[in-house]
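Source file: work13.tsv; contents: TSV, C-alpha atoms.
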```tsv
chain	number	residue	atom	x	y	z
M	6	ALA	CA	7.33	-39.59	61.95
M	7	GLN	CA	4.80	-36.84	61.73
M	8	SER	CA	4.83	-34.18	59.01
M	9	VAL	CA	2.80	-31.37	57.52
M	10	ALA	CA	2.64	-30.19	53.93
M	11	GLN	CA	1.39	-26.81	52.82
M	12	PRO	CA	1.54	-27.17	49.04
M	13	GLU	CA	1.14	-23.49	48.20
M	14	ASP	CA	3.83	-20.96	49.12
M	15	GLN	CA	1.49	-18.10	48.20
M	16	VAL	CA	-2.26	-17.67	47.83
M	17	ASN	CA	-3.76	-14.55	46.29
M	18	VAL	CA	-7.44	-13.70	46.66
M	19	ALA	CA	-9.58	-10.64	46.05
M	20	GLU	CA	-11.20	-8.96	49.01
M	21	GLY	CA	-14.69	-10.34	49.59
M	22	ASN	CA	-13.97	-13.64	47.87
M	23	PRO	CA	-13.72	-16.94	49.74
M	24	LEU	CA	-10.26	-18.16	50.64
M	25	THR	CA	-8.76	-21.59	51.17
M	26	VAL	CA	-5.29	-22.37	52.49
M	27	LYS	CA	-4.41	-26.02	52.08
M	28	CYS	CA	-2.79	-28.39	54.57
M	29	THR	CA	-2.19	-32.12	54.53
M	30	TYR	CA	-0.60	-34.11	57.32
M	31	SER	CA	0.98	-37.44	58.10
M	32	VAL	CA	0.90	-39.13	61.53
M	33	SER	CA	0.96	-42.75	62.58
M	34	GLY	CA	-1.86	-42.30	65.08
M	35	ASN	CA	-4.65	-39.78	65.42
M	36	PRO	CA	-3.85	-36.09	64.91
M	37	TYR	CA	-4.18	-32.93	66.88
M	38	LEU	CA	-4.30	-30.20	64.20
M	39	PHE	CA	-3.78	-26.46	64.49
M	40	TRP	CA	-3.72	-23.30	62.43
M	41	TYR	CA	-1.65	-20.30	63.45
M	42	VAL	CA	-1.21	-16.91	61.77
M	43	GLN	CA	1.92	-14.77	61.79
M	44	TYR	CA	1.93	-11.07	61.01
M	45	PRO	CA	5.22	-9.33	60.03
M	46	ASN	CA	7.79	-9.26	62.84
M	47	ARG	CA	5.38	-10.95	65.22
M	48	GLY	CA	5.01	-14.31	66.91
M	49	LEU	CA	2.39	-16.90	66.00
M	50	GLN	CA	-1.24	-16.27	66.89
M	51	PHE	CA	-3.56	-19.23	67.51
M	52	LEU	CA	-6.54	-19.43	65.13
M	53	LEU	CA	-8.18	-22.80	65.71
M	54	LYS	CA	-7.61	-26.46	66.48
M	55	TYR	CA	-9.07	-29.89	65.87
M	56	ILE	CA	-8.82	-32.34	68.74
M	57	THR	CA	-11.85	-34.57	68.34
M	58	GLY	CA	-15.54	-34.27	67.52
M	59	ASP	CA	-17.04	-32.26	64.68
M	60	ASN	CA	-14.96	-32.22	61.53
M	61	LEU	CA	-15.76	-28.54	60.91
M	62	VAL	CA	-13.93	-26.36	63.39
M	63	LYS	CA	-14.69	-22.67	63.81
M	64	GLY	CA	-12.01	-20.30	65.06
M	65	SER	CA	-11.06	-16.67	65.44
M	66	TYR	CA	-11.78	-13.85	62.97
M	67	GLY	CA	-14.31	-15.87	60.96
M	68	PHE	CA	-11.88	-18.64	60.00
M	69	GLU	CA	-12.85	-22.28	59.94
M	70	ALA	CA	-11.17	-25.54	58.98
M	71	GLU	CA	-12.44	-28.92	57.94
M	72	PHE	CA	-10.80	-32.11	59.15
M	73	ASN	CA	-10.90	-34.84	56.50
M	74	LYS	CA	-9.46	-38.09	57.80
M	75	SER	CA	-9.62	-40.01	54.52
M	76	GLN	CA	-7.72	-37.27	52.68
M	77	THR	CA	-5.52	-36.45	55.71
M	78	SER	CA	-6.29	-32.78	55.17
M	79	PHE	CA	-7.14	-29.80	57.34
M	80	HIS	CA	-7.74	-26.90	54.98
M	81	LEU	CA	-8.30	-23.41	56.37
M	82	LYS	CA	-11.23	-21.46	54.96
M	83	LYS	CA	-12.99	-18.14	55.25
M	84	PRO	CA	-16.16	-17.19	53.34
M	85	SER	CA	-15.16	-13.57	52.68
M	86	ALA	CA	-11.53	-12.43	52.79
M	87	LEU	CA	-10.41	-9.11	54.24
M	88	VAL	CA	-7.27	-7.16	53.35
M	89	SER	CA	-6.32	-7.45	57.02
M	90	ASP	CA	-6.20	-11.27	56.63
M	91	SER	CA	-2.98	-10.86	54.63
M	92	ALA	CA	-0.34	-12.72	56.64
M	93	LEU	CA	1.64	-15.95	56.88
M	94	TYR	CA	-0.40	-19.01	57.86
M	95	PHE	CA	1.01	-22.15	59.46
M	96	CYS	CA	-0.60	-25.56	59.83
M	97	ALA	CA	0.73	-27.81	62.61
M	98	VAL	CA	0.16	-31.38	63.76
M	99	ARG	CA	0.87	-33.50	66.80
M	100	ASP	CA	0.32	-37.26	67.01
M	101	MET	CA	-1.98	-37.82	69.97
M	102	ASP	CA	-1.14	-41.54	70.15
M	103	SER	CA	2.66	-41.34	70.29
M	104	GLY	CA	3.38	-40.03	73.76
M	105	ASN	CA	5.10	-36.70	74.19
M	106	THR	CA	5.73	-35.86	70.54
M	107	PRO	CA	6.33	-32.24	69.62
M	108	LEU	CA	4.20	-29.96	67.50
M	109	VAL	CA	5.37	-30.08	63.87
M	110	PHE	CA	4.76	-27.11	61.60
M	111	GLY	CA	4.46	-26.75	57.86
M	112	LYS	CA	6.57	-24.23	55.96
M	113	GLY	CA	3.77	-21.72	55.84
M	114	THR	CA	1.55	-20.17	53.17
M	115	ARG	CA	1.59	-16.45	52.51
M	116	LEU	CA	-1.92	-15.13	51.98
M	117	SER	CA	-2.32	-11.89	50.07
M	118	VAL	CA	-5.78	-10.32	49.95
M	119	ILE	CA	-6.07	-7.66	47.29
M	120	ALA	CA	-8.52	-4.79	47.59
I	128	GLU	CA	-4.25	-12.16	81.92
I	129	THR	CA	-0.70	-11.51	80.74
I	130	GLY	CA	0.43	-13.08	77.48
I	131	VAL	CA	3.79	-14.63	76.68
I	132	THR	CA	6.64	-12.15	76.68
I	133	GLN	CA	10.19	-12.53	75.40
I	134	SER	CA	13.37	-10.52	75.75
I	135	PRO	CA	15.29	-9.09	74.08
I	136	THR	CA	13.38	-8.38	70.87
I	137	HIS	CA	16.52	-8.23	68.75
I	138	LEU	CA	20.11	-9.32	69.29
I	139	ILE	CA	23.30	-9.24	67.26
I	140	LYS	CA	26.18	-11.58	68.14
I	141	THR	CA	29.33	-12.82	66.46
I	142	ARG	CA	30.35	-16.40	65.75
I	143	GLY	CA	31.59	-18.27	68.80
I	144	GLN	CA	29.78	-16.10	71.31
I	145	GLN	CA	27.10	-17.27	73.72
I	146	VAL	CA	23.55	-15.93	74.01
I	147	THR	CA	20.71	-16.17	76.54
I	148	LEU	CA	17.12	-15.55	75.53
I	149	ARG	CA	14.33	-15.16	78.07
I	150	CYS	CA	10.64	-16.00	78.15
I	151	SER	CA	7.85	-15.34	80.61
I	152	SER	CA	4.96	-17.72	80.19
I	153	GLN	CA	1.31	-16.79	80.15
I	154	SER	CA	-0.18	-16.57	83.62
I	155	GLY	CA	-0.87	-20.03	85.02
I	156	HIS	CA	0.92	-21.93	82.25
I	157	ASN	CA	3.45	-24.48	83.52
I	158	THR	CA	4.87	-25.76	80.23
I	159	VAL	CA	7.23	-23.83	77.97
I	160	SER	CA	8.41	-24.83	74.51
I	161	TRP	CA	11.12	-23.17	72.41
I	162	TYR	CA	11.21	-23.06	68.62
I	163	GLN	CA	13.66	-21.82	66.01
I	164	GLN	CA	12.16	-20.21	62.91
I	165	ALA	CA	14.67	-19.69	60.11
I	166	LEU	CA	13.82	-17.23	57.35
I	167	GLY	CA	11.12	-18.61	55.08
I	168	GLN	CA	10.56	-21.70	57.21
I	169	GLY	CA	8.09	-22.91	59.80
I	170	PRO	CA	9.06	-23.10	63.46
I	171	GLN	CA	11.28	-26.05	64.43
I	172	PHE	CA	10.92	-27.54	67.90
I	173	ILE	CA	14.02	-27.16	70.08
I	174	PHE	CA	12.85	-28.45	73.47
I	175	GLN	CA	10.11	-28.27	76.06
I	176	TYR	CA	10.21	-27.70	79.82
I	177	TYR	CA	7.61	-28.82	82.31
I	178	ARG	CA	7.97	-28.13	86.02
I	179	GLU	CA	11.64	-27.19	85.61
I	180	GLU	CA	12.58	-30.43	83.81
I	181	GLU	CA	13.30	-30.94	80.11
I	182	ASN	CA	10.32	-32.81	78.73
I	183	GLY	CA	11.24	-33.46	75.12
I	184	ARG	CA	13.90	-32.32	72.69
I	185	GLY	CA	14.09	-31.83	68.96
I	186	ASN	CA	17.01	-32.36	66.62
I	187	PHE	CA	19.28	-29.65	68.00
I	188	PRO	CA	22.86	-30.08	69.29
I	189	PRO	CA	23.74	-29.93	73.01
I	190	ARG	CA	25.01	-26.36	72.67
I	191	PHE	CA	21.32	-25.45	72.76
I	192	SER	CA	20.29	-25.70	76.41
I	193	GLY	CA	17.56	-24.36	78.59
I	194	LEU	CA	16.21	-23.73	82.03
I	195	GLN	CA	12.82	-23.31	83.58
I	196	PHE	CA	12.39	-21.49	86.87
I	197	PRO	CA	9.88	-22.07	89.70
I	198	ASN	CA	7.71	-19.24	88.36
I	199	TYR	CA	7.65	-21.13	84.99
I	200	SER	CA	9.68	-18.51	83.15
I	201	SER	CA	12.38	-19.97	80.95
I	202	GLU	CA	15.74	-19.33	79.31
I	203	LEU	CA	17.24	-20.61	76.10
I	204	ASN	CA	21.04	-20.63	76.01
I	205	VAL	CA	23.05	-21.13	72.86
I	206	ASN	CA	26.83	-21.62	73.08
I	207	ALA	CA	29.43	-21.34	70.34
I	208	LEU	CA	27.11	-19.46	68.01
I	209	GLU	CA	27.21	-20.30	64.31
I	210	LEU	CA	26.02	-18.23	61.36
I	211	ASP	CA	23.14	-20.69	60.81
I	212	ASP	CA	21.81	-19.92	64.29
I	213	SER	CA	20.50	-16.64	62.88
I	214	ALA	CA	16.72	-16.96	63.21
I	215	LEU	CA	13.62	-15.91	65.07
I	216	TYR	CA	13.43	-17.76	68.39
I	217	LEU	CA	9.92	-18.32	69.63
I	218	CYS	CA	8.75	-19.31	73.07
I	219	ALA	CA	5.32	-20.83	73.61
I	220	SER	CA	3.53	-21.63	76.83
I	221	SER	CA	0.72	-24.03	77.58
I	222	LEU	CA	-1.05	-25.60	80.49
I	223	ASP	CA	-0.32	-29.24	81.24
I	224	GLY	CA	-3.09	-31.31	79.69
I	225	GLU	CA	-4.07	-28.58	77.26
I	226	GLU	CA	-2.90	-28.87	73.66
I	227	THR	CA	-2.96	-25.24	72.59
I	228	GLN	CA	0.37	-23.40	72.77
I	229	TYR	CA	0.43	-19.61	72.98
I	230	PHE	CA	3.41	-17.89	71.43
I	231	GLY	CA	5.43	-14.87	72.38
I	232	PRO	CA	6.57	-12.25	69.85
I	233	GLY	CA	9.99	-13.85	69.47
I	234	THR	CA	13.62	-12.78	69.66
I	235	ARG	CA	15.35	-12.14	66.37
I	236	LEU	CA	18.98	-13.25	66.59
I	237	LEU	CA	21.55	-12.28	64.00
I	238	VAL	CA	24.95	-13.99	64.10
I	239	LEU	CA	27.71	-12.26	62.16
```
Please render this file's structure as structure tokens.
Amino acid sequence: AQSVAQPEDQVNVAEGNPLTVKCTYSVSGNPYLFWYVQYPNRGLQFLLKYITGDNLVKGSYGFEAEFNKSQTSFHLKKPSALVSDSALYFCAVRDMDSGNTPLVFGKGTRLSVIA
Amino acid sequence: ETGVTQSPTHLIKTRGQQVTLRCSSQSGHNTVSWYQQALGQGPQFIFQYYREEENGRGNFPPRFSGLQFPNYSSELNVNALELDDSALYLCASSLDGEETQYFGPGTRLLVL
């Protein structure tokens, strides 16, 4: 069975500082990995994905994520946080080798960027 | 290009009632997935429709059912509503062969 863990419920960072939101995953095959962001009372907005290729993936709004197969991690990063980055972030995984398996989400990490 | 839209935005029902939620997929997308997001949780997969057929189902009882229409829009029907069905229901569309799902704004359902 596939699963995602986001070990931090909340991450606080000062504006202008780098941010990291952690994600680890478990799949039996190879993973498709995604990050989505959710603003209050809104749906999920796609940020970036890892399918294959370079381990460092660049996405929207200056976000990037690094795929680390040995550590089964896909941490989300941004060099300089903005107050407008404050939102709920979800990591998701799908096993690419197990047929039509669904996308599985973590519980989410609330990012708070303080001015 | 039109994004994913959902209706209604909010809904209040009582236990035992039935509800229908609607989703219009992004232009050109032929696959629709439905998710339930309880408060403080990540989205949980309910089912997926591809070309009007159910194409995968999560761990939800049969009182959760769906439809997809020839224009790829979709409905989620929930019968015999329970208090625990209170959640944000999200629809996501994608193109067959593409992994990225694009989400609508959701319908917030409250069951009293």
Please, which residues of chain M lie no more than 9 Å from chain I when the count uses all atoms listed in the file, and can they be set out as a list in words?
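That gives the following set of residues: Tyr37, Phe39, Asn46, Arg47, Gly48, Leu49, Gln50, Phe51, Leu53, Lys54, Ile56, Phe95, Asn105, Thr106, Pro107, Leu108, Val109, Phe110, Gly111, Lys112 and Gly113 of chain M.
In this comparison, which uses all atoms listed in the file, the residue of I:Val159, I:Leu194, I:Leu208, I:Leu166 approaching I:Thr141 most closely is I:Leu208.
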Pairwise distance for atom CA of M:Asn73 and atom CA of M:Tyr41, rounded to one decimal in Å
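A separation of 18.6 Å between them.
For the pair atom CA of M:Gly58 and atom CA of M:Ser31, the interatomic distance is 19.3 Å.
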Quick one: what's the axis-aligned box for stretch 37-51 of chain M, all listed atoms, 3 Å on every side, centre and edges in Å to one decimal, as JSON?
```
{"center_x": 1.7, "center_y": -21.1, "center_z": 63.8, "size_x": 18.1, "size_y": 29.7, "size_z": 13.5}
```
Which polymer residues have any atom within 6 Å of an atom of stretch 84-87 of chain M, counting all atoms listed in the file, with same-chain residues fewer than 5 positions away left out, as a list of chain:residue names?
M:Glu20, M:Gly21, M:Asn22, M:Pro23
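Distance check against I:Asp211 using only C-alpha atoms: of I:Ser154, I:Leu237, I:Thr132, I:Pro188, the minimum falls on I:Leu237.
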Mind pulling up the distance from atom CA of I:Asp212 to atom CA of M:Ser8?
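Value for the atom CA of M:Ser8-atom CA of I:Asp212 distance: 22.8 Å.
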Pick from M:Cys28, M:Pro12, M:Val18, M:Ala6 nearest to M:Ala97, counting only C-alpha atoms
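Distance minimum relative to M:Ala97 lands on M:Cys28.
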Which residues are near I:Phe196? Cut-off 7 Å, all atoms listed in the file, ignore same chain within fewer than 4 positions. Put them as an mmCIF file with C-alpha atoms, keeping the file's coordinate frame.
```cif
data_model
loop_
_atom_site.group_PDB
_atom_site.id
_atom_site.type_symbol
_atom_site.label_atom_id
_atom_site.label_comp_id
_atom_site.auth_asym_id
_atom_site.auth_seq_id
_atom_site.Cartn_x
_atom_site.Cartn_y
_atom_site.Cartn_z
ATOM 1 C CA GLU I 179 11.640 -27.190 85.610
ATOM 2 C CA SER I 200 9.680 -18.510 83.150
ATOM 3 C CA SER I 201 12.380 -19.970 80.950
#
```
I'd like the neighbourhood of I:Leu210 as a ChimeraX atom specification, where a residue qualifies if any of its atoms comes within 8 Å (using only C-alpha atoms), though same-chain residues fewer than 6 positions away should be ignored.
/I:142,237-239
